[in-house]
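Here the structure comes first, spelled out in structure tokens, and everything after it is commentary.
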Amino acid sequence: IHLFLATERGHSITRDAVCQKRAINYLAMVRTLASKQSFFQLYATKPPNHQSSPQVTSSSDESTTTHPVMEELNAQLNSLTQFFNQDYSDNENEDDLQLPIRIMYNMLASYSKLNQEYTDSKSKNKNTPGKSSLVGTASATIEKAFRLITNEAFSTPYQIHRVNMGMEAIQLQLHTKKISVSESIHFVALPPPYNSIPRGTWLRALRALTSREIGNISVAFNSRSIRCLVPSERTVWITPSDAAFRILQRLVTGVGVRTNNKSKNNTNRNNSRSRNTSGNTKQQLQYLDERDFNMVLHSYASLTQNQMHAAH
């Protein structure tokens, strides 16, 4: 339709052969549709939106997008995006990077409030249509916010404050249910698969923790400089090498690690075979790249002091 209107208005079309062929096909289609007076008047007087085509949405989709909690979550996500789009100075401190974590606390509080709302309605035998759709959309929005933080935190050039921001975000997503803001507000854990961390995020964190930049900072200032992933509000600090080793353990056992659908299907098949042969439902071990193991070993051996026993 756009190519048709451009042609009718005398604008030139690209000389690319493929595009010209597509333009001819579109032109023939639109001319057929334009035989109807109403259609021709609609698109001749008001060209369609260039960004998105009109779509038919159901009442449940409309209620999901217009729900107050979803509007609040989207607003928080936009604030987070704007925060990371701004320019950073090399001298940013840890306080500057607490804003993304506070935003995540607000998003999880809104999500917990949504779950409490539906729980109360269910206890009163009230009908709550679209619950699964709304909860799923809210969970996906929070997941997008978490990945926005971790992708920024574990990007080069590595900085200790950013890495700790990413570790705190991972801890918040993994142990949401065990963290409370106050006596009256308790977070609700995200549903699967959003209560685990994608494997790619774990690998990015592993590369950041074993990097030379983080290792040198740990040696020069404080060896225990990385936030530990513990299921509590208490902050525990460990060395980058120890933090990397704990991630390595997760990559082997698969605890808290989210894989793609293909890997899940293969794991399910392997689990089915193991149940048929051994009669148990033991968790399937994940594969481990030798390079990931060697990064942790190298971190123990060369980037920290007095850690040869750990390397051994």
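Chains: A, B, ... in order of the structure tokens. Residues: from 1 per chain. Ligands: from 1, in order shown.
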
Near Ala138 in chain A, within 9 Å and counting only C-alpha atoms, which residues show up once chain neighbours fewer than 4 positions away are dropped, as an mmCIF file with C-alpha atoms, in the first residue's frame?
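Once everything was written out, this is out.cif:
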```cif
data_model
loop_
_atom_site.group_PDB
_atom_site.id
_atom_site.type_symbol
_atom_site.label_atom_id
_atom_site.label_comp_id
_atom_site.auth_asym_id
_atom_site.auth_seq_id
_atom_site.Cartn_x
_atom_site.Cartn_y
_atom_site.Cartn_z
ATOM 1 C CA THR A 64 -4.379 -6.829 30.458
ATOM 2 C CA VAL A 69 -0.564 -2.725 37.665
ATOM 3 C CA MET A 70 0.536 -3.241 34.058
ATOM 4 C CA LEU A 73 5.103 -1.876 35.491
ATOM 5 C CA TYR A 111 3.476 -7.705 41.134
ATOM 6 C CA SER A 133 -2.810 -13.871 31.085
ATOM 7 C CA LEU A 134 -2.294 -10.857 33.334
ATOM 8 C CA ILE A 142 9.631 -7.919 35.097
ATOM 9 C CA GLU A 143 11.848 -10.468 33.346
#
```

Polymer residues at most 12 Å from Leu288 in chain A, only C-alpha atoms, same-chain spacing of 2 or more positions, as JSON, numbers by chain = {"A": [199, 203, 247, 248, 249, 250, 251, 252, 253, 254, 285, 286, 290, 291, 292, 293, 294]}

10 Å contact set for Arg147 in chain A, only C-alpha atoms, chain neighbours under 4 positions out, as number ranges by chain | A: 142-143, 151-153, 166, 169-170, 197-198, 201

Shell of 8 Å around Ser241 in chain A, only C-alpha atoms, local chain residues under 4 positions omitted, as an mmCIF file with C-alpha atoms, in the first residue's frame:
```cif
data_model
loop_
_atom_site.group_PDB
_atom_site.id
_atom_site.type_symbol
_atom_site.label_atom_id
_atom_site.label_comp_id
_atom_site.auth_asym_id
_atom_site.auth_seq_id
_atom_site.Cartn_x
_atom_site.Cartn_y
_atom_site.Cartn_z
ATOM 1 C CA LEU A 209 33.880 -12.179 37.546
ATOM 2 C CA THR A 210 36.921 -13.890 36.034
ATOM 3 C CA PHE A 245 33.034 -20.938 41.290
ATOM 4 C CA VAL A 296 37.603 -20.022 37.071
ATOM 5 C CA SER A 299 41.089 -16.734 38.341
ATOM 6 C CA TYR A 300 42.076 -18.739 41.422
ATOM 7 C CA THR A 304 44.005 -13.406 43.583
#
```

Could you give me, as a list in words, the residues within 12 Å of Thr141 in chain A, counting only C-alpha atoms and dropping anything in the same chain fewer than 3 positions from it?
->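 My list of contacting residues is Thr65, Val69, Met70, Glu71, Glu72, Leu73, Asn74, Ala75, Gln76, Leu77, Asn78, Leu80, Met104, Met107, Leu108, Ser110, Tyr111, Leu134, Val135, Gly136, Thr137, Ala138, Lys144, Ala145, Phe146, Arg147, Leu148, Leu190 and Tyr194 of chain A.
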
Please indicate the distance in Å from CA of Ile217 in chain A to CA of Pro240 in chain A, rounded to one decimal place.
-> 9.9 Å
